[in-house]
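J.: Take this structure first; my questions come after.
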Amino acid sequence: MITRLRMGVIGAGLKAAEYAASWVAMPDIEFVALSDTSPASLDRLADICEAAGAARPQCFSDYRDMLATCGDRLDIVYVSTPHAFHAEQAVAVAERGIDLFLEKPMVTTVSEAQALIAAQRRGKGTIVTAFQGGLSPLVLDTRRRSLAGEFGELVAISGMIWESWASNYAGHWKQKPEISGGGFMFDTGAHLMNTVCLLANSDFASVGAYMDNRGAPVDIVTAVSARLANGALATLTAAGEGPKGCASFISLFFTKAIVRIDAWGSWRELILDGASQPRETAEILDNPLKSFLAIRAGSMENTGSVEMGLRFARLWDAIKASARANGAPVHIGRDEGQADR
């Protein structure tokens, strides 16, 4: 007999509606409650459930009311709201001990990441951030082989990501700093930063960064130069203005191998001991909830953990601090978040 897991949703926007179309068909998932400030968004997601033959979930305009009313009946909560709201909502879920599937990026600052870690320790639930790269089989395989020493010592990382983001999201909440937590580097660029953090297998030690808003209220272009705690050097470039499209390239240079992979883990190219191997591809949009459930069951490593989210947050806070100081390096381990003068 299949045990049905009861799910709540905080943030019933387009991403949640897109996922719900496949999640509602999973025999082990039951949508119990939805929360969103938009009645239209709530109706759209509830209609998706009913159209699939499921019961209509209970709807709330405030996530706190949802947790107060339905919290004792929820096994999982999926949070898909603007970035600045993640920390408060995630902490509220975690403190109740409900397992949490959290849209990227996890939170917006180091202090928020630390608060969520503390909440998880109190509630003892599972928390996973929904980065495609962190759940990609190609990224996971690269990480495993790197940790096993197959590629040798990591020497350097070069990563870039671009998208016609400035025009795609003009006027969107993603370009409103009070709720977005940042611009292109923190939105699409978060995939780049997270995959680099995961595959580097090291914290960042020193970061220098420049940002250019190009007339927008948030950063559109970012350039980063960094040293990792393991001694490797890294450069990251995010360009949010350009021709239509979106792509990324990450090159990891080891003493025995060169790994090229994109930020989402959809493809990988490997040169090992001087021999090039065929390009590999992976499906990265095939229901990430399945990966979450595997992590929850203990059959898959949690590469979207709160600890990995803290590494990401430390990098992001350092990038912002350095950019505010016109590129002055920020030493994360010594005086975290403070640029040298």
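Chain labels A, B, ... are given in the sequence in which chains occur in the structure tokens; within each chain residues are numbered consecutively from 1, and ligands are likewise numbered from 1 in the order shown.
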Among region 129-302 of chain A, which residues carry a DSSP assignment of strand (DSSP E or B), reported as a PDB file with N, CA, C and O atoms, in the first residue's frame?
T.:
ATOM      1  N   THR A 129      17.228  22.570  -1.099  1.00  0.00           N
ATOM      2  CA  THR A 129      17.038  23.695  -2.022  1.00  0.00           C
ATOM      3  C   THR A 129      16.980  23.159  -3.442  1.00  0.00           C
ATOM      4  O   THR A 129      17.817  22.349  -3.844  1.00  0.00           O
ATOM      5  N   LEU A 154      42.274  20.036  -7.623  1.00  0.00           N
ATOM      6  CA  LEU A 154      41.621  21.144  -8.301  1.00  0.00           C
ATOM      7  C   LEU A 154      42.572  22.337  -8.360  1.00  0.00           C
ATOM      8  O   LEU A 154      43.105  22.770  -7.343  1.00  0.00           O
ATOM      9  N   VAL A 155      42.768  22.880  -9.567  1.00  0.00           N
ATOM     10  CA  VAL A 155      43.698  23.988  -9.777  1.00  0.00           C
ATOM     11  C   VAL A 155      42.959  25.310  -9.969  1.00  0.00           C
ATOM     12  O   VAL A 155      43.305  26.330  -9.367  1.00  0.00           O
ATOM     13  N   ALA A 156      41.908  25.309 -10.803  1.00  0.00           N
ATOM     14  CA  ALA A 156      41.205  26.560 -11.125  1.00  0.00           C
ATOM     15  C   ALA A 156      39.810  26.255 -11.654  1.00  0.00           C
ATOM     16  O   ALA A 156      39.533  25.153 -12.140  1.00  0.00           O
ATOM     17  N   ILE A 157      38.941  27.262 -11.540  1.00  0.00           N
ATOM     18  CA  ILE A 157      37.571  27.188 -12.063  1.00  0.00           C
ATOM     19  C   ILE A 157      37.285  28.457 -12.858  1.00  0.00           C
ATOM     20  O   ILE A 157      37.604  29.555 -12.409  1.00  0.00           O
ATOM     21  N   SER A 158      36.680  28.273 -14.021  1.00  0.00           N
ATOM     22  CA  SER A 158      36.220  29.413 -14.812  1.00  0.00           C
ATOM     23  C   SER A 158      34.755  29.182 -15.146  1.00  0.00           C
ATOM     24  O   SER A 158      34.401  28.168 -15.752  1.00  0.00           O
ATOM     25  N   GLY A 159      33.895  30.107 -14.724  1.00  0.00           N
ATOM     26  CA  GLY A 159      32.465  29.937 -14.961  1.00  0.00           C
ATOM     27  C   GLY A 159      31.837  31.186 -15.531  1.00  0.00           C
ATOM     28  O   GLY A 159      32.214  32.300 -15.167  1.00  0.00           O
ATOM     29  N   MET A 160      30.909  31.003 -16.459  1.00  0.00           N
ATOM     30  CA  MET A 160      30.168  32.142 -16.997  1.00  0.00           C
ATOM     31  C   MET A 160      28.733  31.731 -17.274  1.00  0.00           C
ATOM     32  O   MET A 160      28.438  30.560 -17.512  1.00  0.00           O
ATOM     33  N   ILE A 161      27.837  32.724 -17.180  1.00  0.00           N
ATOM     34  CA  ILE A 161      26.426  32.490 -17.461  1.00  0.00           C
ATOM     35  C   ILE A 161      25.863  33.750 -18.087  1.00  0.00           C
ATOM     36  O   ILE A 161      26.247  34.866 -17.736  1.00  0.00           O
ATOM     37  N   TRP A 162      24.993  33.587 -19.068  1.00  0.00           N
ATOM     38  CA  TRP A 162      24.400  34.768 -19.700  1.00  0.00           C
ATOM     39  C   TRP A 162      22.938  34.494 -20.045  1.00  0.00           C
ATOM     40  O   TRP A 162      22.519  33.350 -20.199  1.00  0.00           O
ATOM     41  N   GLU A 163      22.180  35.590 -20.138  1.00  0.00           N
ATOM     42  CA  GLU A 163      20.756  35.518 -20.481  1.00  0.00           C
ATOM     43  C   GLU A 163      20.283  36.914 -20.872  1.00  0.00           C
ATOM     44  O   GLU A 163      20.826  37.910 -20.399  1.00  0.00           O
ATOM     45  N   PHE A 204      34.915  29.459  -0.095  1.00  0.00           N
ATOM     46  CA  PHE A 204      35.695  30.537  -0.689  1.00  0.00           C
ATOM     47  C   PHE A 204      36.428  31.273   0.433  1.00  0.00           C
ATOM     48  O   PHE A 204      35.879  31.473   1.519  1.00  0.00           O
ATOM     49  N   ALA A 205      37.675  31.644   0.160  1.00  0.00           N
ATOM     50  CA  ALA A 205      38.483  32.331   1.166  1.00  0.00           C
ATOM     51  C   ALA A 205      38.567  33.828   0.919  1.00  0.00           C
ATOM     52  O   ALA A 205      38.525  34.628   1.856  1.00  0.00           O
ATOM     53  N   SER A 206      38.712  34.242  -0.330  1.00  0.00           N
ATOM     54  CA  SER A 206      38.869  35.655  -0.670  1.00  0.00           C
ATOM     55  C   SER A 206      38.151  35.938  -1.981  1.00  0.00           C
ATOM     56  O   SER A 206      38.263  35.155  -2.932  1.00  0.00           O
ATOM     57  N   VAL A 207      37.405  37.047  -2.021  1.00  0.00           N
ATOM     58  CA  VAL A 207      36.571  37.369  -3.180  1.00  0.00           C
ATOM     59  C   VAL A 207      36.710  38.843  -3.532  1.00  0.00           C
ATOM     60  O   VAL A 207      36.632  39.711  -2.658  1.00  0.00           O
ATOM     61  N   GLY A 208      36.901  39.111  -4.815  1.00  0.00           N
ATOM     62  CA  GLY A 208      36.841  40.474  -5.334  1.00  0.00           C
ATOM     63  C   GLY A 208      35.802  40.531  -6.438  1.00  0.00           C
ATOM     64  O   GLY A 208      35.700  39.598  -7.244  1.00  0.00           O
ATOM     65  N   ALA A 209      34.994  41.599  -6.484  1.00  0.00           N
ATOM     66  CA  ALA A 209      33.890  41.619  -7.441  1.00  0.00           C
ATOM     67  C   ALA A 209      33.559  43.036  -7.905  1.00  0.00           C
ATOM     68  O   ALA A 209      33.733  44.008  -7.160  1.00  0.00           O
ATOM     69  N   TYR A 210      33.065  43.110  -9.118  1.00  0.00           N
ATOM     70  CA  TYR A 210      32.523  44.344  -9.681  1.00  0.00           C
ATOM     71  C   TYR A 210      31.121  44.050 -10.200  1.00  0.00           C
ATOM     72  O   TYR A 210      30.844  42.960 -10.696  1.00  0.00           O
ATOM     73  N   MET A 211      30.238  45.046 -10.087  1.00  0.00           N
ATOM     74  CA  MET A 211      28.881  44.933 -10.616  1.00  0.00           C
ATOM     75  C   MET A 211      28.541  46.165 -11.439  1.00  0.00           C
ATOM     76  O   MET A 211      29.018  47.264 -11.150  1.00  0.00           O
ATOM     77  N   ASP A 212      27.691  45.961 -12.445  1.00  0.00           N
ATOM     78  CA  ASP A 212      27.203  47.059 -13.276  1.00  0.00           C
ATOM     79  C   ASP A 212      25.691  46.874 -13.438  1.00  0.00           C
ATOM     80  O   ASP A 212      25.239  45.859 -13.962  1.00  0.00           O
ATOM     81  N   VAL A 221      25.323  42.935 -14.741  1.00  0.00           N
ATOM     82  CA  VAL A 221      26.588  42.294 -15.094  1.00  0.00           C
ATOM     83  C   VAL A 221      27.460  42.215 -13.837  1.00  0.00           C
ATOM     84  O   VAL A 221      27.577  43.195 -13.100  1.00  0.00           O
ATOM     85  N   THR A 222      28.061  41.060 -13.605  1.00  0.00           N
ATOM     86  CA  THR A 222      28.934  40.862 -12.445  1.00  0.00           C
ATOM     87  C   THR A 222      30.176  40.093 -12.865  1.00  0.00           C
ATOM     88  O   THR A 222      30.084  39.126 -13.635  1.00  0.00           O
ATOM     89  N   ALA A 223      31.324  40.542 -12.371  1.00  0.00           N
ATOM     90  CA  ALA A 223      32.588  39.835 -12.596  1.00  0.00           C
ATOM     91  C   ALA A 223      33.242  39.569 -11.246  1.00  0.00           C
ATOM     92  O   ALA A 223      33.357  40.466 -10.415  1.00  0.00           O
ATOM     93  N   VAL A 224      33.666  38.327 -11.026  1.00  0.00           N
ATOM     94  CA  VAL A 224      34.206  37.896  -9.738  1.00  0.00           C
ATOM     95  C   VAL A 224      35.555  37.215  -9.947  1.00  0.00           C
ATOM     96  O   VAL A 224      35.717  36.413 -10.883  1.00  0.00           O
ATOM     97  N   SER A 225      36.503  37.526  -9.089  1.00  0.00           N
ATOM     98  CA  SER A 225      37.785  36.835  -9.037  1.00  0.00           C
ATOM     99  C   SER A 225      37.994  36.366  -7.603  1.00  0.00           C
ATOM    100  O   SER A 225      37.815  37.162  -6.666  1.00  0.00           O
ATOM    101  N   ALA A 226      38.348  35.097  -7.408  1.00  0.00           N
ATOM    102  CA  ALA A 226      38.340  34.556  -6.050  1.00  0.00           C
ATOM    103  C   ALA A 226      39.423  33.509  -5.843  1.00  0.00           C
ATOM    104  O   ALA A 226      39.934  32.902  -6.785  1.00  0.00           O
ATOM    105  N   ARG A 227      39.748  33.294  -4.562  1.00  0.00           N
ATOM    106  CA  ARG A 227      40.597  32.188  -4.134  1.00  0.00           C
ATOM    107  C   ARG A 227      39.788  31.324  -3.184  1.00  0.00           C
ATOM    108  O   ARG A 227      39.116  31.835  -2.285  1.00  0.00           O
ATOM    109  N   LEU A 228      39.853  30.013  -3.387  1.00  0.00           N
ATOM    110  CA  LEU A 228      39.144  29.085  -2.520  1.00  0.00           C
ATOM    111  C   LEU A 228      40.026  28.690  -1.346  1.00  0.00           C
ATOM    112  O   LEU A 228      41.253  28.825  -1.402  1.00  0.00           O
ATOM    113  N   LEU A 233      41.998  28.793  -7.701  1.00  0.00           N
ATOM    114  CA  LEU A 233      41.537  30.108  -8.092  1.00  0.00           C
ATOM    115  C   LEU A 233      40.280  29.979  -8.939  1.00  0.00           C
ATOM    116  O   LEU A 233      40.072  28.972  -9.621  1.00  0.00           O
ATOM    117  N   ALA A 234      39.430  31.025  -8.903  1.00  0.00           N
ATOM    118  CA  ALA A 234      38.163  30.968  -9.637  1.00  0.00           C
ATOM    119  C   ALA A 234      37.803  32.327 -10.208  1.00  0.00           C
ATOM    120  O   ALA A 234      38.069  33.362  -9.585  1.00  0.00           O
ATOM    121  N   THR A 235      37.223  32.323 -11.395  1.00  0.00           N
ATOM    122  CA  THR A 235      36.628  33.517 -11.978  1.00  0.00           C
ATOM    123  C   THR A 235      35.197  33.194 -12.388  1.00  0.00           C
ATOM    124  O   THR A 235      34.921  32.118 -12.924  1.00  0.00           O
ATOM    125  N   LEU A 236      34.277  34.113 -12.104  1.00  0.00           N
ATOM    126  CA  LEU A 236      32.867  33.941 -12.430  1.00  0.00           C
ATOM    127  C   LEU A 236      32.380  35.199 -13.137  1.00  0.00           C
ATOM    128  O   LEU A 236      32.629  36.309 -12.658  1.00  0.00           O
ATOM    129  N   THR A 237      31.687  35.030 -14.247  1.00  0.00           N
ATOM    130  CA  THR A 237      31.143  36.157 -14.995  1.00  0.00           C
ATOM    131  C   THR A 237      29.668  35.911 -15.267  1.00  0.00           C
ATOM    132  O   THR A 237      29.286  34.827 -15.720  1.00  0.00           O
ATOM    133  N   ALA A 238      28.833  36.913 -14.966  1.00  0.00           N
ATOM    134  CA  ALA A 238      27.397  36.828 -15.228  1.00  0.00           C
ATOM    135  C   ALA A 238      26.987  38.028 -16.055  1.00  0.00           C
ATOM    136  O   ALA A 238      27.172  39.167 -15.636  1.00  0.00           O
ATOM    137  N   ALA A 239      26.447  37.789 -17.237  1.00  0.00           N
ATOM    138  CA  ALA A 239      26.024  38.859 -18.140  1.00  0.00           C
ATOM    139  C   ALA A 239      24.531  38.734 -18.389  1.00  0.00           C
ATOM    140  O   ALA A 239      24.084  37.818 -19.084  1.00  0.00           O
ATOM    141  N   CYS A 246      19.733  31.834 -23.193  1.00  0.00           N
ATOM    142  CA  CYS A 246      20.322  31.636 -21.871  1.00  0.00           C
ATOM    143  C   CYS A 246      21.248  30.429 -21.952  1.00  0.00           C
ATOM    144  O   CYS A 246      20.875  29.388 -22.507  1.00  0.00           O
ATOM    145  N   ALA A 247      22.473  30.575 -21.429  1.00  0.00           N
ATOM    146  CA  ALA A 247      23.425  29.467 -21.458  1.00  0.00           C
ATOM    147  C   ALA A 247      24.471  29.674 -20.375  1.00  0.00           C
ATOM    148  O   ALA A 247      24.603  30.774 -19.822  1.00  0.00           O
ATOM    149  N   SER A 248      25.227  28.637 -20.086  1.00  0.00           N
ATOM    150  CA  SER A 248      26.306  28.739 -19.112  1.00  0.00           C
ATOM    151  C   SER A 248      27.383  27.718 -19.442  1.00  0.00           C
ATOM    152  O   SER A 248      27.120  26.693 -20.095  1.00  0.00           O
ATOM    153  N   PHE A 249      28.593  28.000 -18.960  1.00  0.00           N
ATOM    154  CA  PHE A 249      29.727  27.115 -19.148  1.00  0.00           C
ATOM    155  C   PHE A 249      30.588  27.187 -17.883  1.00  0.00           C
ATOM    156  O   PHE A 249      30.935  28.269 -17.433  1.00  0.00           O
ATOM    157  N   ILE A 250      30.907  26.049 -17.312  1.00  0.00           N
ATOM    158  CA  ILE A 250      31.818  25.984 -16.179  1.00  0.00           C
ATOM    159  C   ILE A 250      32.950  25.037 -16.561  1.00  0.00           C
ATOM    160  O   ILE A 250      32.698  23.897 -16.977  1.00  0.00           O
ATOM    161  N   SER A 251      34.190  25.504 -16.433  1.00  0.00           N
ATOM    162  CA  SER A 251      35.357  24.666 -16.679  1.00  0.00           C
ATOM    163  C   SER A 251      36.096  24.486 -15.368  1.00  0.00           C
ATOM    164  O   SER A 251      36.454  25.470 -14.709  1.00  0.00           O
ATOM    165  N   LEU A 252      36.310  23.246 -14.986  1.00  0.00           N
ATOM    166  CA  LEU A 252      37.067  22.924 -13.781  1.00  0.00           C
ATOM    167  C   LEU A 252      38.383  22.284 -14.208  1.00  0.00           C
ATOM    168  O   LEU A 252      38.384  21.245 -14.903  1.00  0.00           O
ATOM    169  N   PHE A 253      39.486  22.895 -13.838  1.00  0.00           N
ATOM    170  CA  PHE A 253      40.805  22.433 -14.237  1.00  0.00           C
ATOM    171  C   PHE A 253      41.445  21.680 -13.062  1.00  0.00           C
ATOM    172  O   PHE A 253      41.725  22.268 -12.014  1.00  0.00           O
ATOM    173  N   PHE A 254      41.649  20.384 -13.250  1.00  0.00           N
ATOM    174  CA  PHE A 254      42.311  19.537 -12.265  1.00  0.00           C
ATOM    175  C   PHE A 254      43.694  19.148 -12.796  1.00  0.00           C
ATOM    176  O   PHE A 254      43.997  19.351 -13.972  1.00  0.00           O
ATOM    177  N   ALA A 257      42.601  16.173 -15.092  1.00  0.00           N
ATOM    178  CA  ALA A 257      41.393  16.233 -15.924  1.00  0.00           C
ATOM    179  C   ALA A 257      40.921  17.674 -16.106  1.00  0.00           C
ATOM    180  O   ALA A 257      41.262  18.568 -15.323  1.00  0.00           O
ATOM    181  N   ILE A 258      40.134  17.868 -17.140  1.00  0.00           N
ATOM    182  CA  ILE A 258      39.379  19.100 -17.338  1.00  0.00           C
ATOM    183  C   ILE A 258      37.920  18.697 -17.479  1.00  0.00           C
ATOM    184  O   ILE A 258      37.571  17.840 -18.303  1.00  0.00           O
ATOM    185  N   VAL A 259      37.076  19.273 -16.649  1.00  0.00           N
ATOM    186  CA  VAL A 259      35.641  19.003 -16.707  1.00  0.00           C
ATOM    187  C   VAL A 259      34.933  20.266 -17.163  1.00  0.00           C
ATOM    188  O   VAL A 259      35.110  21.333 -16.572  1.00  0.00           O
ATOM    189  N   ARG A 260      34.152  20.158 -18.215  1.00  0.00           N
ATOM    190  CA  ARG A 260      33.298  21.259 -18.665  1.00  0.00           C
ATOM    191  C   ARG A 260      31.853  20.819 -18.457  1.00  0.00           C
ATOM    192  O   ARG A 260      31.458  19.736 -18.887  1.00  0.00           O
ATOM    193  N   ILE A 261      31.078  21.686 -17.819  1.00  0.00           N
ATOM    194  CA  ILE A 261      29.702  21.337 -17.477  1.00  0.00           C
ATOM    195  C   ILE A 261      28.895  22.619 -17.410  1.00  0.00           C
ATOM    196  O   ILE A 261      29.454  23.698 -17.205  1.00  0.00           O
ATOM    197  N   TRP A 267      24.601  18.951 -19.354  1.00  0.00           N
ATOM    198  CA  TRP A 267      25.612  18.322 -20.203  1.00  0.00           C
ATOM    199  C   TRP A 267      26.976  18.384 -19.527  1.00  0.00           C
ATOM    200  O   TRP A 267      27.211  19.196 -18.641  1.00  0.00           O
ATOM    201  N   ARG A 268      27.863  17.500 -19.956  1.00  0.00           N
ATOM    202  CA  ARG A 268      29.226  17.465 -19.425  1.00  0.00           C
ATOM    203  C   ARG A 268      30.183  16.990 -20.507  1.00  0.00           C
ATOM    204  O   ARG A 268      29.867  16.073 -21.274  1.00  0.00           O
ATOM    205  N   GLU A 269      31.360  17.611 -20.563  1.00  0.00           N
ATOM    206  CA  GLU A 269      32.464  17.172 -21.412  1.00  0.00           C
ATOM    207  C   GLU A 269      33.670  16.934 -20.516  1.00  0.00           C
ATOM    208  O   GLU A 269      33.968  17.743 -19.639  1.00  0.00           O
ATOM    209  N   LEU A 270      34.378  15.839 -20.731  1.00  0.00           N
ATOM    210  CA  LEU A 270      35.463  15.442 -19.842  1.00  0.00           C
ATOM    211  C   LEU A 270      36.717  15.106 -20.640  1.00  0.00           C
ATOM    212  O   LEU A 270      36.660  14.363 -21.631  1.00  0.00           O
ATOM    213  N   ILE A 271      37.829  15.691 -20.229  1.00  0.00           N
ATOM    214  CA  ILE A 271      39.150  15.301 -20.729  1.00  0.00           C
ATOM    215  C   ILE A 271      39.899  14.703 -19.549  1.00  0.00           C
ATOM    216  O   ILE A 271      40.166  15.387 -18.564  1.00  0.00           O
ATOM    217  N   LEU A 272      40.195  13.422 -19.630  1.00  0.00           N
ATOM    218  CA  LEU A 272      40.832  12.714 -18.521  1.00  0.00           C
ATOM    219  C   LEU A 272      42.135  12.093 -19.001  1.00  0.00           C
ATOM    220  O   LEU A 272      42.155  11.327 -19.972  1.00  0.00           O
ATOM    221  N   ALA A 275      42.772  12.386 -22.734  1.00  0.00           N
ATOM    222  CA  ALA A 275      41.833  11.776 -23.688  1.00  0.00           C
ATOM    223  C   ALA A 275      40.452  12.404 -23.533  1.00  0.00           C
ATOM    224  O   ALA A 275      39.883  12.410 -22.439  1.00  0.00           O
ATOM    225  N   SER A 276      39.901  12.915 -24.647  1.00  0.00           N
ATOM    226  CA  SER A 276      38.567  13.517 -24.626  1.00  0.00           C
ATOM    227  C   SER A 276      37.499  12.436 -24.683  1.00  0.00           C
ATOM    228  O   SER A 276      37.595  11.496 -25.486  1.00  0.00           O
ATOM    229  N   GLU A 280      28.207  14.145 -22.638  1.00  0.00           N
ATOM    230  CA  GLU A 280      27.097  13.447 -21.990  1.00  0.00           C
ATOM    231  C   GLU A 280      25.979  14.446 -21.703  1.00  0.00           C
ATOM    232  O   GLU A 280      26.243  15.618 -21.435  1.00  0.00           O
ATOM    233  N   THR A 281      24.738  13.985 -21.728  1.00  0.00           N
ATOM    234  CA  THR A 281      23.597  14.840 -21.416  1.00  0.00           C
ATOM    235  C   THR A 281      22.726  14.179 -20.365  1.00  0.00           C
ATOM    236  O   THR A 281      22.773  12.954 -20.165  1.00  0.00           O
TER     237      THR A 281
END
J.: Need to verify the contact set: Glu301 (chain A), 9 Å, only C-alpha atoms, exclusion of same-chain residues closer than 6 positions in sequence. Can you return it as a list in words?
T.: Leu140, Ala294 and Ile295 of chain A
J.: Keeping only N, CA and C atoms, write the selected residues to a file as a compact mmCIF listing (two decimals), in the first residue's frame.
T.:
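What follows is the written file part-v6.txt:
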# COMPACT_ATOMS: atom_id res chain seq x y z
N LEU A 140 26.32 15.35 -9.77
CA LEU A 140 26.56 14.44 -8.65
C LEU A 140 27.70 13.47 -8.96
N ALA A 294 13.82 11.14 -2.74
CA ALA A 294 14.95 10.22 -2.57
C ALA A 294 15.88 10.70 -1.46
N ILE A 295 16.11 12.01 -1.40
CA ILE A 295 16.93 12.57 -0.32
C ILE A 295 16.23 12.36 1.01
J.: Find the spatial neighbours of region 182-186 of chain A, counting only C-alpha atoms, within a cut-off of 12 Å - ignore same-chain residues fewer than 6 positions away - and output them as a ChimeraX atom specification.
T.: /A:82-84,104-109,160-170,172-176,192-194,209-214,216-224,236-241,246,312-313,315-317,319-320
J.: From a DSSP calculation on the backbone, collect every residue of region 139-304 of chain A in alpha helix (DSSP H) and output the set as an NGL selection string.
T.: :A and (139-147 or 165-168 or 177-180 or 189-200 or 288-297)
J.: Excluding same-chain residues fewer than 5 positions from region 23-28 of chain A, what lies within 8 Å of it counting only C-alpha atoms, as a ChimeraX atom specification?
T.: /A:2-5,49,52,54,287,289
J.: For Leu102 (chain A), which of A:Gly333, A:Gly327, A:Gly309, A:Pro39 is the closest residue, counting only C-alpha atoms?
T.: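 Of A:Gly333, A:Gly327, A:Gly309, A:Pro39, the one nearest Leu102 (chain A) is A:Gly309, counting only C-alpha atoms.
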J.: What does the distance between CA of Leu42 (chain A) and CA of Arg56 (chain A) come to in Å, to one decimal place?
T.: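 Atom-to-atom, CA of Leu42 (chain A) to CA of Arg56 (chain A), that is 10.6 Å.
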J.: Go ahead and compute the interatomic distance for CA of Arg314 (chain A) and CA of Asp187 (chain A), in Å to one decimal.
T.: 15.9 Å
J.: Do you have, as a tab-separated table, the list of residues of region 115-176 of chain A lying at most 7 Å from region 89-94 of chain A, each with its nearest atom pair and that distance in Å to one decimal, counting only C-alpha atoms and ordered by chain then number?
T.:
residue	atom	partner	partner_atom	distance
A:Leu116	CA	A:Val91	CA	5.4
A:Ala119	CA	A:Ala94	CA	5.6
A:Gln120	CA	A:Ala94	CA	5.3
A:Gly123	CA	A:Ala94	CA	5.6
A:Gly125	CA	A:Ala94	CA	6.4
J.: So what do you get for CA of Ala55 (chain A) versus CA of Arg96 (chain A), distance-wise?
T.: 24.8 Å
